[in-house]
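Just run-v1.cif here, mmCIF, C-alpha atoms:
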data_run
#
loop_
_atom_site.label_atom_id
_atom_site.label_comp_id
_atom_site.auth_asym_id
_atom_site.auth_seq_id
_atom_site.Cartn_x
_atom_site.Cartn_y
_atom_site.Cartn_z
CA MET A 22 102.28 123.59 102.22
CA ASP A 23 105.90 123.32 103.26
CA SER A 24 108.19 123.70 100.21
CA GLN A 25 110.23 120.62 101.14
CA ILE A 26 107.10 118.46 101.28
CA GLU A 27 106.03 119.83 97.89
CA ASN A 28 109.46 119.11 96.43
CA ASN A 29 109.32 115.55 97.75
CA LYS A 30 105.93 115.03 96.12
CA ASN A 31 107.14 116.44 92.81
CA GLU A 32 110.17 114.16 92.93
CA LEU A 33 107.91 111.18 93.61
CA LEU A 34 105.67 112.09 90.69
CA GLU A 35 108.62 112.46 88.34
CA ASN A 36 110.68 109.46 89.43
CA ASN A 37 107.99 107.12 90.78
CA LYS A 38 110.05 105.85 93.69
CA ASN A 39 109.17 102.78 95.72
CA LEU A 40 105.81 101.16 96.12
CA ILE A 41 105.31 102.06 99.77
CA ASP A 42 105.84 105.75 98.98
CA CYS A 43 103.25 105.51 96.20
CA CYS A 44 100.76 103.92 98.59
CA ASP A 45 101.42 106.43 101.37
CA HIS A 46 101.13 109.47 99.13
CA TRP A 47 98.05 108.11 97.39
CA LEU A 48 96.33 107.47 100.71
CA GLU A 49 97.12 111.05 101.67
CA GLN A 50 95.48 112.22 98.45
CA TYR A 51 92.49 110.00 99.10
CA HIS A 52 91.94 111.13 102.69
CA ASP A 53 92.20 114.83 101.82
CA ALA A 54 89.81 114.50 98.89
CA TYR A 55 87.38 112.30 100.82
CA ARG A 56 87.07 114.85 103.63
CA VAL A 57 86.06 117.51 101.11
CA MET A 58 83.60 115.25 99.30
CA ASN A 59 82.10 113.96 102.55
CA ARG A 60 81.65 117.49 103.85
CA ILE A 61 79.81 118.54 100.69
CA CYS A 62 77.78 115.35 100.76
CA SER A 63 76.71 116.01 104.36
CA SER A 64 75.49 119.54 103.63
CA HIS A 65 72.15 120.92 102.45
CA LYS A 66 73.66 121.13 98.96
CA GLY A 67 74.51 117.45 99.15
CA ASN A 68 70.88 116.65 99.91
CA ARG A 69 69.59 119.00 97.22
CA TYR A 70 71.69 117.39 94.49
CA SER A 71 71.51 113.87 95.96
CA PHE A 72 75.28 113.57 95.81
CA GLN A 73 76.88 110.18 96.16
CA VAL A 74 80.53 109.62 97.10
CA ILE A 75 81.71 106.22 95.89
CA THR A 76 84.91 104.39 96.72
CA LYS A 77 85.07 101.57 94.16
CA VAL A 78 87.50 98.69 93.83
CA ASN A 79 87.43 97.17 90.34
CA ARG A 80 89.17 93.90 89.52
CA GLU A 81 90.33 93.94 85.89
CA GLU A 82 92.68 92.26 83.42
CA ASP A 83 94.92 93.86 80.82
CA ILE A 84 95.36 92.58 77.26
CA ASN A 85 98.03 90.16 78.49
CA GLY A 86 95.73 88.59 81.03
CA GLU A 87 97.50 90.22 83.99
CA GLU A 88 95.10 90.90 86.84
CA PHE A 89 95.09 94.26 88.62
CA TYR A 90 92.89 96.30 90.93
CA HIS A 91 91.81 99.84 90.09
CA ILE A 92 90.65 101.82 93.13
CA THR A 93 88.75 105.06 92.57
CA LEU A 94 87.08 107.81 94.57
CA ASN A 95 84.40 109.71 92.67
CA MET A 96 81.48 111.98 93.48
CA PHE A 97 78.27 111.75 91.46
CA GLY A 98 75.18 113.91 91.22
CA LYS A 99 71.74 112.98 89.97
CA ASN A 100 71.46 110.64 86.97
CA ASP A 101 75.03 109.43 87.57
CA TYR A 102 76.48 112.82 86.63
CA LEU A 103 80.21 112.78 87.48
CA PHE A 104 80.63 115.87 89.66
CA PHE A 105 84.18 115.12 90.81
CA GLU A 106 86.72 112.61 89.53
CA GLY A 107 88.89 112.08 92.56
CA PRO A 108 92.13 110.21 93.23
CA SER A 109 92.63 106.69 91.90
CA ILE A 110 95.34 104.06 92.02
CA THR A 111 96.11 100.93 90.00
CA LEU A 112 97.96 98.06 91.66
CA SER A 113 98.89 94.66 90.32
CA ALA A 114 97.06 91.74 91.90
CA ASN A 115 100.51 90.31 92.59
CA GLU A 116 101.18 93.16 95.04
CA GLU A 117 99.06 91.57 97.77
CA SER A 118 100.78 93.33 100.66
CA ALA A 119 100.33 96.77 99.11
CA LEU A 120 96.69 96.04 98.28
CA ALA A 121 96.00 94.71 101.78
CA TYR A 122 97.55 97.85 103.31
CA VAL A 123 95.54 100.21 101.12
CA LEU A 124 92.23 98.33 101.48
CA ALA A 125 92.54 97.93 105.25
CA ASP A 126 93.26 101.65 105.58
CA LEU A 127 90.32 102.60 103.33
CA THR A 128 87.94 100.30 105.20
CA ASN A 129 88.92 101.79 108.55
CA ASP A 130 88.72 105.34 107.20
CA TYR A 131 85.27 104.85 105.68
CA LEU A 132 83.89 103.55 108.97
CA LYS A 133 85.51 106.37 110.91
CA GLN A 134 84.63 109.25 108.57
CA ASN A 135 81.00 108.14 108.38
CA HIS A 136 80.72 107.48 112.13
CA ILE A 137 79.36 103.97 111.62
CA GLN A 138 78.09 102.71 114.96
CA ASN A 139 77.23 99.11 114.23
CA VAL A 140 79.35 97.26 111.70
CA LYS A 141 77.80 94.26 110.03
CA LEU A 142 80.33 91.43 110.44
CA PRO A 143 81.81 89.60 108.71
CA PHE A 144 82.44 92.48 106.31
CA THR A 145 81.51 91.44 102.77
CA GLY A 146 83.19 94.34 100.95
CA TYR A 147 80.18 96.64 100.58
CA MET A 148 78.88 99.45 102.79
CA LYS A 149 76.47 102.33 102.21
CA GLN A 150 75.64 105.22 104.52
CA GLN A 151 72.83 107.71 103.91
CA LYS A 152 73.28 111.32 105.00
CA LEU A 153 70.69 113.51 106.68
CA ALA A 154 67.69 114.44 104.54
CA TYR A 155 67.28 118.18 105.14
CA MET A 156 64.72 118.54 102.34
CA GLU A 157 62.21 115.74 101.98
CA ARG A 158 61.53 116.32 98.28
CA TYR A 159 65.11 115.29 97.46
CA SER A 160 66.75 111.91 97.88
CA PRO A 161 69.33 111.98 100.68
CA ALA A 162 73.00 112.08 99.78
CA SER A 163 75.03 108.97 100.53
CA THR A 164 78.47 107.45 100.63
CA VAL A 165 79.40 104.00 99.32
CA PHE A 166 82.38 101.72 99.84
CA ASP A 167 82.26 98.99 97.23
CA ALA A 168 85.00 96.36 97.22
CA SER A 169 82.63 93.55 96.28
CA GLU A 170 84.76 92.55 93.26
CA VAL A 171 87.67 91.56 95.49
CA ASN A 172 87.97 87.79 95.35
CA ASN A 173 91.28 87.30 97.16
CA ASP A 174 90.94 85.78 100.65
CA TYR A 175 93.98 87.64 102.00
CA LEU A 176 92.55 90.98 100.91
CA LEU A 177 89.07 90.12 102.18
CA ASP A 178 90.57 89.13 105.54
CA ALA A 179 92.47 92.45 105.71
CA MET A 180 89.27 94.44 105.22
CA ASN A 181 87.30 92.23 107.59
CA ASP A 182 89.99 92.57 110.28
CA ALA A 183 89.95 96.35 109.86
CA ALA A 184 86.17 96.39 110.29
CA THR A 185 86.37 94.07 113.31
CA ILE A 186 88.98 96.23 115.05
CA TYR A 187 86.97 99.38 114.36
CA ASP A 188 83.82 97.73 115.69
CA SER A 189 85.63 96.69 118.87
CA ARG A 190 86.63 100.36 119.43
CA MET A 191 90.28 99.33 119.62
CA PRO A 192 92.97 101.71 118.24
CA SER A 193 93.65 100.95 114.60
CA ASP A 194 97.03 102.68 114.11
CA PHE A 195 99.16 99.68 115.06
CA PHE A 196 97.02 97.35 112.97
CA ILE A 197 97.34 99.51 109.85
CA SER A 198 101.07 100.01 110.46
CA ASP A 199 101.54 96.25 110.62
CA PHE A 200 100.11 95.90 107.12
CA ARG A 201 102.26 98.79 105.93
CA SER A 202 105.42 97.12 107.23
CA LYS A 203 104.84 94.16 104.91
CA VAL A 204 104.84 96.24 101.72
CA LYS A 205 108.01 95.75 99.70
CA GLU A 206 110.39 98.66 99.30
CA ASP A 207 110.84 97.79 95.62
CA ILE A 208 110.68 100.45 92.95
CA ALA A 209 107.14 100.70 91.62
CA THR A 210 107.88 100.02 87.98
CA ASP A 211 104.42 98.97 86.88
CA ASP A 212 103.46 101.35 84.07
CA LYS A 213 99.78 101.45 85.05
CA THR A 214 100.69 102.45 88.59
CA SER A 215 103.09 105.17 87.40
CA LYS A 216 100.75 106.84 84.92
CA ASN A 217 97.72 106.59 87.16
CA PHE A 218 99.55 108.07 90.15
CA ILE A 219 100.34 111.30 88.30
CA LYS A 220 96.73 111.69 87.12
CA SER A 221 95.47 110.88 90.60
CA TYR A 222 97.52 113.67 92.16
CA LYS A 223 96.12 116.23 89.73
CA ASP A 224 92.54 115.05 90.27
CA SER A 225 92.88 115.13 94.05
CA GLN A 226 94.18 118.71 93.93
CA LYS A 227 91.08 119.81 91.99
CA VAL A 228 88.87 118.41 94.75
CA ILE A 229 90.96 119.86 97.58
CA ASN A 230 91.17 123.30 95.95
CA PHE A 231 87.39 123.29 95.45
CA GLY A 232 86.95 122.75 99.18
CA ALA A 233 89.54 125.32 100.25
CA PRO A 234 88.32 128.57 101.79
CA ILE A 235 88.55 131.66 99.57
CA GLN A 236 91.51 133.83 100.47
CA ARG A 237 90.47 137.48 100.58
CA GLY A 238 93.01 140.27 100.52
#

Please lay out the structure from this file as structure tokens.
Amino acid sequence: MDSQIENNKNELLENNKNLIDCCDHWLEQYHDAYRVMNRICSSHKGNRYSFQVITKVNREEDINGEEFYHITLNMFGKNDYLFFEGPSITLSANEESALAYVLADLTNDYLKQNHIQNVKLPFTGYMKQQKLAYMERYSPASTVFDASEVNNDYLLDAMNDAATIYDSRMPSDFFISDFRSKVKEDIATDDKTSKNFIKSYKDSQKVINFGAPIQRG
């Protein structure tokens, strides 16, 4: 990795700059980790261990009654064994633009990475895709996108629009960029976002390093 890019990431982790930077860097973590998990899940090993890659959006409240969304990417084996804890992000429910940007991007990416041919519209917030079953005695691996706890119409519309555009085979870059442009440039001062972002980066690196080819001298 270019040293300047690494320095920029370290600076972001230490100083927790603005919200759009947090979203952009977290999405980068997510996409890199998801590619590794999806590749494992699609392999014979994925079938053998019945791996399941789950993107989950949880709506929660803190002790003060403030609502927030916690978005996670995890990989489970049989009997709900946590094989990989991947990147996660916590965003206040008040940050609608940031949430809409992240959720629209994740919806589009899930459909694209799993090569979904026919999208069930309107999108309700839940999708599941089974992988190939190479060995019949094992349950097939699968991937899940679960945003069923989202109860905000603006966020639901963002995900549904992303699914609709994907289903129409139209380019999605401009659509996602439009959501990104609405995210405030404010400093991301929310403590949950700050602490979770640092942990997320470390978790994503564990996944990415696991999937990296072995360097032989």

Starting from the shown file, work through the PyMOL selection byres ((chain A and resi 58) around 10) and note down what comes out as an MDAnalysis selection string. chainID A and resid 52:57 59:63 67 72:75 94:96 105 107 164 228:229 231:232

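Each of A:Asn172, A:Ser71, A:Leu120, A:Asn181 was compared to Lys99 in chain A using all atoms listed in the file, and A:Ser71 turns out to be the nearest.
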
CA of Leu142 in chain A to CA of Thr185 in chain A, distance in Å rounded to a single decimal: 7.2 Å

With the file shown as input, list the residues that the PyMOL selection byres ((chain A and resi 88) around 12) selects, as a list in words.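 Selected by the PyMOL selection byres ((chain A and resi 88) around 12) here: Asn79, Arg80, Glu81, Glu82, Asp83, Ile84, Asn85, Gly86, Glu87, Phe89, Tyr90, His91, Thr111, Leu112, Ser113, Ala114, Asn115, Glu116, Glu117, Val171, Asn172, Asn173 and Lys213 of chain A.
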
For Val140 in chain A, which residue out of A:Val78, A:Cys43, A:Ala184, A:Val204 is the nearest one, using all atoms listed in the file?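 Closest to Val140 in chain A, using all atoms listed in the file: A:Ala184.
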
Mind giving me the axis-aligned box for range 179-193 of chain A with 5 Å on every side, centre plus edges in Å to one decimal, as AutoDock Vina command-line options?
--center_x 88.7 --center_y 97.0 --center_z 112.4 --size_x 19.8 --size_y 19.5 --size_z 24.4

Nearest to Ser202 in chain A, chosen from A:Asn68, A:Ser109, A:Gln151, A:Ser118, with only C-alpha atoms counted in the distances: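 Among the listed residues, the smallest separation from Ser202 in chain A belongs to A:Ser118.
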
Taking all atoms listed in the file into account, name the residue in A:Phe195, A:Gly98, A:Lys223, A:Gln50 that is nearest to Tyr159 in chain A.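 Smallest distance to Tyr159 in chain A is found for A:Gly98.
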
List as number ranges by chain the residues having at least one atom at most 10 Å from position (87.7, 94.9, 102.8) as given in the file, counting all atoms listed in the file. A: 78, 121, 123-129, 143-148, 166-169, 171, 174-184

Between A:Lys66, A:Lys203, A:Lys220, A:Lys149, which is the closest to Ser163 in chain A once you count all atoms listed in the file? A:Lys149

Please measure the separation of CA of Met191 in chain A and CA of Cys44 in chain A, giving the value in Å to one decimal.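 For CA of Met191 in chain A relative to CA of Cys44 in chain A, the distance reads 23.9 Å.
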
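If you look at CA of Arg190 in chain A and CA of Tyr122 in chain A, they are 19.6 Å away from each other.
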
Test item: which residues lie within 6 Å of (73.2, 110.1, 103.1) counting all atoms listed in the file, as a ChimeraX atom specification: /A:150-153,161-163

For Tyr70 in chain A, which of A:Phe200, A:Tyr187, A:Tyr155, A:Trp47 is the closest residue, counting all atoms listed in the file?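 Smallest separation from Tyr70 in chain A among the options: A:Tyr155.
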